[in-house]
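Engineer: What follows is my_file04.csv, CSV, N, CA and C atoms.
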```csv
chain,number,residue,atom,x,y,z
A,3,MET,N,5.7,-20.3,-12.2
A,3,MET,CA,5.6,-19.3,-11.1
A,3,MET,C,5.8,-17.9,-11.6
A,4,TYR,N,5.0,-17.0,-11.1
A,4,TYR,CA,5.2,-15.6,-11.4
A,4,TYR,C,5.6,-14.9,-10.1
A,5,LEU,N,6.5,-14.0,-10.2
A,5,LEU,CA,6.9,-13.2,-9.1
A,5,LEU,C,6.3,-11.8,-9.4
A,6,SER,N,5.7,-11.2,-8.3
A,6,SER,CA,5.1,-9.9,-8.5
A,6,SER,C,5.3,-9.0,-7.3
A,7,GLY,N,5.2,-7.7,-7.5
A,7,GLY,CA,5.3,-6.8,-6.4
A,7,GLY,C,5.2,-5.4,-7.0
A,8,GLU,N,5.2,-4.4,-6.1
A,8,GLU,CA,5.1,-3.0,-6.5
A,8,GLU,C,6.1,-2.2,-5.7
A,9,SER,N,6.3,-1.0,-6.2
A,9,SER,CA,7.2,0.0,-5.6
A,9,SER,C,8.6,-0.6,-5.4
A,10,TYR,N,9.0,-0.8,-4.2
A,10,TYR,CA,10.4,-1.3,-4.0
A,10,TYR,C,10.7,-2.7,-4.5
A,11,ALA,N,9.6,-3.4,-4.9
A,11,ALA,CA,9.7,-4.7,-5.6
A,11,ALA,C,10.5,-4.5,-6.9
A,12,GLY,N,10.7,-3.3,-7.4
A,12,GLY,CA,11.5,-3.0,-8.6
A,12,GLY,C,12.9,-3.4,-8.3
A,13,HIS,N,13.3,-3.5,-7.0
A,13,HIS,CA,14.6,-4.0,-6.6
A,13,HIS,C,14.7,-5.5,-6.3
A,14,TYR,N,13.7,-5.9,-5.5
A,14,TYR,CA,13.9,-7.3,-5.0
A,14,TYR,C,13.3,-8.4,-5.9
A,15,VAL,N,12.3,-8.1,-6.7
A,15,VAL,CA,11.7,-9.1,-7.6
A,15,VAL,C,12.8,-9.5,-8.7
A,16,PRO,N,13.4,-8.5,-9.4
A,16,PRO,CA,14.5,-9.0,-10.3
A,16,PRO,C,15.6,-9.8,-9.6
A,17,ALA,N,15.9,-9.3,-8.4
A,17,ALA,CA,17.0,-10.0,-7.7
A,17,ALA,C,16.6,-11.5,-7.3
A,18,ILE,N,15.4,-11.7,-6.9
A,18,ILE,CA,14.9,-13.0,-6.6
A,18,ILE,C,14.9,-13.8,-7.9
A,19,ALA,N,14.4,-13.3,-9.0
A,19,ALA,CA,14.3,-14.0,-10.2
A,19,ALA,C,15.7,-14.4,-10.7
A,20,GLY,N,16.6,-13.5,-10.6
A,20,GLY,CA,18.0,-13.8,-11.0
A,20,GLY,C,18.6,-15.0,-10.2
A,21,THR,N,18.3,-15.0,-8.9
A,21,THR,CA,18.8,-16.1,-8.0
A,21,THR,C,18.1,-17.4,-8.5
A,22,ILE,N,16.8,-17.4,-8.7
A,22,ILE,CA,16.1,-18.6,-9.2
A,22,ILE,C,16.7,-19.1,-10.5
A,23,MET,N,16.9,-18.2,-11.4
A,23,MET,CA,17.5,-18.6,-12.7
A,23,MET,C,18.9,-19.2,-12.6
A,24,GLN,N,19.7,-18.5,-11.7
A,24,GLN,CA,21.0,-19.0,-11.5
A,24,GLN,C,21.0,-20.4,-10.9
A,25,ASN,N,20.2,-20.6,-9.9
A,25,ASN,CA,20.1,-21.9,-9.2
A,25,ASN,C,19.5,-22.9,-10.1
A,26,ASN,N,18.6,-22.5,-11.0
A,26,ASN,CA,18.0,-23.5,-11.9
A,26,ASN,C,19.1,-24.0,-12.9
A,27,ALA,N,20.1,-23.2,-13.2
A,27,ALA,CA,21.1,-23.6,-14.1
A,27,ALA,C,22.3,-24.3,-13.4
A,28,ASN,N,22.2,-24.4,-12.1
A,28,ASN,CA,23.3,-25.1,-11.4
A,28,ASN,C,22.9,-26.5,-11.1
A,29,PRO,N,23.6,-27.5,-11.7
A,29,PRO,CA,23.2,-28.9,-11.5
A,29,PRO,C,23.3,-29.4,-10.0
A,30,ALA,N,24.0,-28.6,-9.2
A,30,ALA,CA,24.1,-29.0,-7.8
A,30,ALA,C,22.8,-28.9,-7.0
A,31,TYR,N,21.9,-28.1,-7.5
A,31,TYR,CA,20.6,-27.9,-6.9
A,31,TYR,C,19.7,-29.0,-7.4
A,32,ASN,N,19.0,-29.6,-6.5
A,32,ASN,CA,18.0,-30.7,-6.9
A,32,ASN,C,16.6,-30.1,-7.2
A,33,LEU,N,16.5,-28.8,-7.1
A,33,LEU,CA,15.2,-28.2,-7.3
A,33,LEU,C,15.2,-27.2,-8.5
A,34,SER,N,14.2,-27.3,-9.3
A,34,SER,CA,14.1,-26.4,-10.4
A,34,SER,C,12.8,-25.7,-10.3
A,35,ILE,N,12.8,-24.4,-10.3
A,35,ILE,CA,11.6,-23.6,-10.2
A,35,ILE,C,11.2,-23.1,-11.6
A,36,ASN,N,10.0,-23.4,-12.0
A,36,ASN,CA,9.5,-22.9,-13.3
A,36,ASN,C,9.1,-21.5,-13.3
A,37,LEU,N,10.1,-20.6,-13.4
A,37,LEU,CA,9.8,-19.2,-13.4
A,37,LEU,C,9.3,-18.7,-14.8
A,38,VAL,N,8.0,-18.3,-14.8
A,38,VAL,CA,7.3,-17.9,-16.0
A,38,VAL,C,7.5,-16.5,-16.3
A,39,GLY,N,7.4,-15.6,-15.3
A,39,GLY,CA,7.4,-14.2,-15.6
A,39,GLY,C,7.5,-13.4,-14.3
A,40,LEU,N,7.7,-12.1,-14.5
A,40,LEU,CA,7.7,-11.1,-13.5
A,40,LEU,C,6.7,-10.0,-13.7
A,41,LEU,N,6.1,-9.5,-12.6
A,41,LEU,CA,5.2,-8.3,-12.7
A,41,LEU,C,5.7,-7.3,-11.7
A,42,ILE,N,5.9,-6.1,-12.2
A,42,ILE,CA,6.3,-5.0,-11.2
A,42,ILE,C,5.5,-3.8,-11.5
A,43,GLY,N,4.7,-3.4,-10.6
A,43,GLY,CA,3.9,-2.2,-10.7
A,43,GLY,C,4.5,-1.0,-10.0
A,44,ASN,N,4.5,0.1,-10.7
A,44,ASN,CA,5.1,1.3,-10.2
A,44,ASN,C,6.4,1.1,-9.5
A,45,GLY,N,7.3,0.4,-10.2
A,45,GLY,CA,8.5,-0.1,-9.7
A,45,GLY,C,9.5,1.0,-9.3
A,46,TRP,N,10.1,0.9,-8.2
A,46,TRP,CA,11.2,1.8,-7.8
A,46,TRP,C,12.5,1.1,-8.2
A,47,THR,N,13.0,1.5,-9.3
A,47,THR,CA,14.1,0.7,-9.9
A,47,THR,C,15.4,1.5,-10.0
A,48,ASP,N,15.4,2.8,-10.2
A,48,ASP,CA,16.6,3.6,-10.3
A,48,ASP,C,16.3,5.0,-9.8
A,49,PRO,N,16.5,5.3,-8.5
A,49,PRO,CA,16.2,6.6,-8.0
A,49,PRO,C,16.9,7.8,-8.7
A,50,ALA,N,18.1,7.5,-9.2
A,50,ALA,CA,18.9,8.6,-9.8
A,50,ALA,C,18.1,9.1,-11.1
A,51,VAL,N,17.5,8.2,-11.8
A,51,VAL,CA,16.7,8.5,-12.9
A,51,VAL,C,15.3,9.0,-12.5
A,52,GLN,N,14.6,8.2,-11.6
A,52,GLN,CA,13.2,8.5,-11.3
A,52,GLN,C,13.1,9.8,-10.6
A,53,TYR,N,14.0,10.2,-9.7
A,53,TYR,CA,13.8,11.5,-9.1
A,53,TYR,C,13.9,12.6,-10.1
A,54,GLY,N,14.7,12.4,-11.1
A,54,GLY,CA,14.8,13.5,-12.2
A,54,GLY,C,13.6,13.7,-13.0
A,55,ALA,N,12.7,12.7,-13.0
A,55,ALA,CA,11.5,12.8,-13.8
A,55,ALA,C,10.3,13.5,-13.1
A,56,TYR,N,10.4,13.6,-11.8
A,56,TYR,CA,9.2,14.1,-11.0
A,56,TYR,C,8.8,15.5,-11.4
A,57,ALA,N,9.8,16.4,-11.6
A,57,ALA,CA,9.4,17.8,-12.0
A,57,ALA,C,8.7,17.9,-13.3
A,58,ALA,N,9.3,17.2,-14.3
A,58,ALA,CA,8.7,17.2,-15.7
A,58,ALA,C,7.3,16.5,-15.6
A,59,PHE,N,7.2,15.5,-14.8
A,59,PHE,CA,5.8,14.8,-14.7
A,59,PHE,C,4.9,15.8,-14.1
A,60,GLY,N,5.3,16.5,-13.0
A,60,GLY,CA,4.4,17.4,-12.3
A,60,GLY,C,3.9,18.5,-13.2
A,61,ARG,N,4.9,19.0,-14.0
A,61,ARG,CA,4.5,20.1,-15.0
A,61,ARG,C,3.6,19.5,-16.1
A,62,GLY,N,3.9,18.3,-16.6
A,62,GLY,CA,3.2,17.7,-17.6
A,62,GLY,C,1.7,17.5,-17.3
A,63,VAL,N,1.4,17.2,-16.0
A,63,VAL,CA,0.0,17.0,-15.6
A,63,VAL,C,-0.5,18.2,-14.8
A,64,ALA,N,0.1,19.4,-15.0
A,64,ALA,CA,-0.3,20.7,-14.5
A,64,ALA,C,-0.4,20.7,-13.0
A,65,LEU,N,0.4,20.0,-12.3
A,65,LEU,CA,0.5,20.1,-10.8
A,65,LEU,C,1.3,21.2,-10.4
A,66,ILE,N,2.4,21.5,-11.2
A,66,ILE,CA,3.3,22.6,-10.8
A,66,ILE,C,3.4,23.5,-12.1
A,67,GLU,N,3.9,24.8,-11.8
A,67,GLU,CA,4.1,25.7,-12.9
A,67,GLU,C,5.6,25.6,-13.4
A,68,GLY,N,5.9,26.3,-14.5
A,68,GLY,CA,7.2,26.2,-15.1
A,68,GLY,C,8.3,26.7,-14.2
A,69,ASP,N,8.1,27.8,-13.4
A,69,ASP,CA,9.1,28.2,-12.5
A,69,ASP,C,9.4,27.2,-11.4
A,70,GLN,N,8.3,26.5,-10.9
A,70,GLN,CA,8.5,25.5,-9.9
A,70,GLN,C,9.3,24.3,-10.5
A,71,GLN,N,9.0,23.9,-11.8
A,71,GLN,CA,9.7,22.9,-12.4
A,71,GLN,C,11.2,23.2,-12.5
A,72,ALA,N,11.5,24.5,-12.9
A,72,ALA,CA,12.9,24.9,-13.0
A,72,ALA,C,13.6,24.8,-11.7
A,73,SER,N,12.9,25.2,-10.6
A,73,SER,CA,13.5,25.2,-9.3
A,73,SER,C,13.8,23.7,-8.8
A,74,LEU,N,12.8,22.8,-9.1
A,74,LEU,CA,13.0,21.4,-8.8
A,74,LEU,C,14.0,20.7,-9.6
A,75,ASP,N,14.1,21.1,-10.9
A,75,ASP,CA,15.2,20.6,-11.7
A,75,ASP,C,16.6,21.0,-11.2
A,76,GLY,N,16.7,22.2,-10.7
A,76,GLY,CA,17.9,22.7,-10.1
A,76,GLY,C,18.2,21.9,-8.8
A,77,LEU,N,17.2,21.7,-8.0
A,77,LEU,CA,17.4,20.9,-6.8
A,77,LEU,C,17.9,19.4,-7.2
A,78,TYR,N,17.3,18.9,-8.2
A,78,TYR,CA,17.6,17.5,-8.6
A,78,TYR,C,19.1,17.5,-9.0
A,79,GLN,N,19.6,18.5,-9.8
A,79,GLN,CA,21.0,18.6,-10.2
A,79,GLN,C,21.9,18.6,-8.9
A,80,ASP,N,21.5,19.4,-7.9
A,80,ASP,CA,22.3,19.5,-6.7
A,80,ASP,C,22.3,18.2,-6.0
A,81,CYS,N,21.2,17.4,-6.0
A,81,CYS,CA,21.1,16.2,-5.3
A,81,CYS,C,21.6,15.0,-6.1
A,82,TYR,N,21.8,15.1,-7.4
A,82,TYR,CA,22.1,14.0,-8.2
A,82,TYR,C,23.3,13.2,-7.7
A,83,PRO,N,24.4,13.8,-7.2
A,83,PRO,CA,25.5,12.9,-6.7
A,83,PRO,C,25.0,12.0,-5.6
A,84,ASP,N,24.1,12.5,-4.7
A,84,ASP,CA,23.6,11.7,-3.6
A,84,ASP,C,22.8,10.6,-4.2
A,85,PHE,N,22.0,10.8,-5.2
A,85,PHE,CA,21.2,9.8,-5.8
A,85,PHE,C,22.0,8.7,-6.4
A,86,LEU,N,23.1,9.1,-7.0
A,86,LEU,CA,24.0,8.1,-7.6
A,86,LEU,C,24.7,7.2,-6.5
A,87,LYS,N,24.9,7.8,-5.4
A,87,LYS,CA,25.5,7.0,-4.3
A,87,LYS,C,24.5,6.2,-3.5
A,88,GLY,N,23.2,6.4,-3.8
A,88,GLY,CA,22.1,5.7,-3.1
A,88,GLY,C,21.8,6.3,-1.7
A,89,THR,N,22.2,7.5,-1.5
A,89,THR,CA,22.0,8.1,-0.2
A,89,THR,C,21.0,9.3,-0.4
A,90,LEU,N,20.2,9.5,0.6
A,90,LEU,CA,19.3,10.6,0.6
A,90,LEU,C,19.4,11.3,2.0
A,91,ALA,N,20.7,11.7,2.3
A,91,ALA,CA,21.0,12.2,3.6
A,91,ALA,C,20.4,13.6,3.8
A,92,ARG,N,20.3,14.4,2.7
A,92,ARG,CA,19.7,15.7,2.8
A,92,ARG,C,18.2,15.7,2.7
A,93,PRO,N,17.5,16.2,3.7
A,93,PRO,CA,16.0,16.2,3.6
A,93,PRO,C,15.4,16.7,2.3
A,94,GLU,N,16.0,17.8,1.8
A,94,GLU,CA,15.5,18.4,0.6
A,94,GLU,C,15.6,17.5,-0.6
A,95,CYS,N,16.5,16.6,-0.6
A,95,CYS,CA,16.7,15.6,-1.7
A,95,CYS,C,15.6,14.5,-1.5
A,96,ALA,N,15.5,14.0,-0.3
A,96,ALA,CA,14.5,13.0,-0.1
A,96,ALA,C,13.1,13.5,-0.3
A,97,ASP,N,12.8,14.8,-0.2
A,97,ASP,CA,11.5,15.4,-0.3
A,97,ASP,C,11.2,15.8,-1.7
A,98,LEU,N,12.1,15.7,-2.7
A,98,LEU,CA,11.9,16.2,-4.0
A,98,LEU,C,10.6,15.6,-4.6
A,99,MET,N,10.3,14.4,-4.4
A,99,MET,CA,9.1,13.8,-4.9
A,99,MET,C,7.9,14.4,-4.2
A,100,ASN,N,8.0,14.7,-2.9
A,100,ASN,CA,6.9,15.2,-2.1
A,100,ASN,C,6.5,16.6,-2.6
A,101,TYR,N,7.4,17.4,-3.1
A,101,TYR,CA,7.1,18.7,-3.5
A,101,TYR,C,6.1,18.7,-4.7
A,102,VAL,N,6.2,17.7,-5.5
A,102,VAL,CA,5.3,17.5,-6.7
A,102,VAL,C,4.0,16.9,-6.2
A,103,THR,N,4.1,15.8,-5.5
A,103,THR,CA,2.9,15.1,-5.1
A,103,THR,C,2.0,15.9,-4.2
A,104,SER,N,2.6,16.7,-3.3
A,104,SER,CA,1.8,17.5,-2.4
A,104,SER,C,1.1,18.6,-3.1
A,105,ALA,N,1.6,19.0,-4.3
A,105,ALA,CA,0.9,20.1,-5.1
A,105,ALA,C,-0.4,19.6,-5.6
A,106,SER,N,-0.6,18.2,-5.7
A,106,SER,CA,-1.9,17.7,-6.2
A,106,SER,C,-3.0,17.8,-5.1
A,107,GLY,N,-2.6,18.0,-3.9
A,107,GLY,CA,-3.6,18.0,-2.8
A,107,GLY,C,-4.2,16.6,-2.5
A,108,ASN,N,-3.6,15.6,-3.1
A,108,ASN,CA,-4.0,14.2,-2.8
A,108,ASN,C,-3.0,13.5,-2.0
A,109,SER,N,-3.3,13.0,-0.9
A,109,SER,CA,-2.4,12.3,0.0
A,109,SER,C,-1.9,11.0,-0.5
A,110,ASN,N,-2.6,10.4,-1.5
A,110,ASN,CA,-2.1,9.2,-2.0
A,110,ASN,C,-1.2,9.4,-3.2
A,111,VAL,N,0.1,9.2,-2.9
A,111,VAL,CA,1.1,9.6,-3.9
A,111,VAL,C,1.1,8.7,-5.2
A,112,THR,N,0.4,7.6,-5.2
A,112,THR,CA,0.2,6.8,-6.4
A,112,THR,C,-0.9,7.3,-7.2
A,113,GLN,N,-1.7,8.3,-6.7
A,113,GLN,CA,-2.8,8.8,-7.5
A,113,GLN,C,-2.9,10.3,-7.5
A,114,VAL,N,-1.7,10.9,-7.9
A,114,VAL,CA,-1.7,12.3,-7.9
A,114,VAL,C,-2.6,12.9,-9.0
A,115,ASN,N,-3.0,12.1,-9.9
A,115,ASN,CA,-3.8,12.7,-11.0
A,115,ASN,C,-5.3,12.6,-10.7
A,116,VAL,N,-5.6,12.1,-9.5
A,116,VAL,CA,-7.0,12.0,-9.1
A,116,VAL,C,-7.3,13.2,-8.2
A,117,CYS,N,-8.2,14.0,-8.8
A,117,CYS,CA,-8.6,15.2,-8.0
A,117,CYS,C,-10.0,15.0,-7.4
A,118,THR,N,-10.1,15.0,-6.1
A,118,THR,CA,-11.4,14.9,-5.5
A,118,THR,C,-11.9,16.2,-5.0
A,119,CYS,N,-13.1,16.6,-5.5
A,119,CYS,CA,-13.7,17.9,-5.2
A,119,CYS,C,-15.2,17.7,-5.4
A,120,HIS,N,-15.9,18.8,-5.1
A,120,HIS,CA,-17.3,18.8,-5.3
A,120,HIS,C,-17.8,19.5,-6.5
A,121,ALA,N,-16.9,20.4,-7.0
A,121,ALA,CA,-17.3,21.2,-8.2
A,121,ALA,C,-16.0,21.6,-8.9
A,122,GLY,N,-16.2,21.9,-10.2
A,122,GLY,CA,-15.0,22.5,-10.9
A,122,GLY,C,-14.5,21.5,-12.0
A,123,PRO,N,-13.7,22.0,-12.8
A,123,PRO,CA,-13.2,21.2,-14.0
A,123,PRO,C,-12.3,20.1,-13.6
A,124,CYS,N,-11.7,20.1,-12.5
A,124,CYS,CA,-10.8,19.0,-12.1
A,124,CYS,C,-11.5,18.0,-11.2
A,125,CYS,N,-12.8,17.8,-11.3
A,125,CYS,CA,-13.4,16.9,-10.4
A,125,CYS,C,-13.4,15.5,-10.9
A,126,TYR,N,-13.2,14.6,-9.9
A,126,TYR,CA,-13.2,13.2,-10.1
A,126,TYR,C,-14.3,12.6,-9.2
A,127,VAL,N,-15.3,12.1,-9.8
A,127,VAL,CA,-16.5,11.6,-9.0
A,127,VAL,C,-16.0,10.3,-8.4
A,128,SER,N,-16.0,10.2,-7.1
A,128,SER,CA,-15.5,9.1,-6.4
A,128,SER,C,-16.6,8.4,-5.6
A,129,SER,N,-16.7,7.1,-5.7
A,129,SER,CA,-17.7,6.3,-5.0
A,129,SER,C,-17.2,6.0,-3.6
A,130,GLY,N,-16.0,6.4,-3.3
A,130,GLY,CA,-15.4,6.0,-2.0
A,130,GLY,C,-14.5,4.8,-2.1
A,131,VAL,N,-14.6,4.1,-3.3
A,131,VAL,CA,-13.8,3.0,-3.5
A,131,VAL,C,-12.5,3.4,-4.2
A,132,HIS,N,-11.3,3.1,-3.6
A,132,HIS,CA,-10.0,3.5,-4.2
A,132,HIS,C,-9.2,2.3,-4.5
```
Show me this structure written as structure tokens.
Structural biologist:
Amino acid sequence: MYLSGESYAGHYVPAIAGTIMQNNANPAYNLSINLVGLLIGNGWTDPAVQYGAYAAFGRGVALIEGDQQASLDGLYQDCYPDFLKGTLARPECADLMNYVTSASGNSNVTQVNVCTCHAGPCCYVSSGVH
């Protein structure tokens, strides 16, 4: 059996796999599941780390400028204690990722590097299939 998922599956797929492995090792259970592997795409595993990477990513793919990166890095530092606690009570902290992804002009946050336009150096010819 393979377990797979994306995004928030970065939390629950490892948890489910751990439970399967723990139960497989317990002789009281009469069922053994042959867990072969895990697949996690674009996993949401550690918000405290992942939120800190958005500004550098945005700058690295030319979605934001250096001053915007510095501003977002500062916001990240202000929000870091919240991320460690697993809370996003302040809207500006929850929106940190959105500041970068909205700069792409692409509403699909998993494809911020895809630029759809009709002319120019940033064009991506799309057949309409995404």
Engineer: Quick one: of A:Leu40, A:Ile22, A:Ala11, A:Val102, who's nearest to A:Ile66, counting all atoms listed in the file?
Structural biologist: A:Val102
Engineer: How many Å lie between atom CA of A:Asp69 and atom CA of A:Tyr82, rounded to one decimal?
Structural biologist: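 Between these atoms lies a distance of 19.7 Å.
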Engineer: Which residue out of A:Leu77, A:Leu5, A:Leu41, A:Ala105 has the minimum interatomic distance to A:Leu65 when all atoms listed in the file are used?
Structural biologist: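 Of A:Leu77, A:Leu5, A:Leu41, A:Ala105, the one nearest A:Leu65 is A:Ala105, counting all atoms listed in the file.
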Engineer: Can you measure atom C of A:Asp97 to atom CA of A:Tyr53 for me? One decimal in Å is fine.
Structural biologist: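 Between atom C of A:Asp97 and atom CA of A:Tyr53 the gap works out to 8.9 Å.
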Engineer: What parts of stretch 4-125 of chain A does DSSP call strand (DSSP E)? I'd like the answer as a ChimeraX atom specification.
Structural biologist: /A:4-8,39-43
Engineer: Would you list the contacts of A:Ile35 as a PDB file with N, CA and C atoms, in the frame of the given file, taking every protein, DNA or RNA residue within 6 Å and counting all atoms listed in the file, but skipping same-chain residues closer than 2 positions in sequence?
Structural biologist:
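New file out-v4.pdb:
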```pdb
ATOM      1  N   ASN A  26      18.600 -22.500 -11.000  1.00  0.00           N
ATOM      2  CA  ASN A  26      18.000 -23.500 -11.900  1.00  0.00           C
ATOM      3  C   ASN A  26      19.100 -24.000 -12.900  1.00  0.00           C
ATOM      4  N   LEU A  33      16.500 -28.800  -7.100  1.00  0.00           N
ATOM      5  CA  LEU A  33      15.200 -28.200  -7.300  1.00  0.00           C
ATOM      6  C   LEU A  33      15.200 -27.200  -8.500  1.00  0.00           C
ATOM      7  N   LEU A  37      10.100 -20.600 -13.400  1.00  0.00           N
ATOM      8  CA  LEU A  37       9.800 -19.200 -13.400  1.00  0.00           C
ATOM      9  C   LEU A  37       9.300 -18.700 -14.800  1.00  0.00           C
TER      10      LEU A  37
END
```
Engineer: For A:Ser73, which residue out of A:Leu86, A:Thr103, A:Leu98, A:Val51 is the nearest one, using only C-alpha atoms?
Structural biologist: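 Of A:Leu86, A:Thr103, A:Leu98, A:Val51, the one nearest A:Ser73, counting only C-alpha atoms, is A:Leu98.
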Engineer: What is the distance, in Å and to one decimal place, between atom CA of A:Tyr10 and atom CA of A:Gly45?
Structural biologist: 6.1 Å
Engineer: Which residues come within 10 Å of A:Ser9, counting only C-alpha atoms, excluding same-chain residues fewer than 3 positions away, as a list of chain:residue names?
Structural biologist: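 Non-adjacent residues within range: A:Gly12, A:His13, A:Tyr14, A:Ile42, A:Gly43, A:Asn44, A:Gly45, A:Trp46, A:Thr47, A:Thr112.
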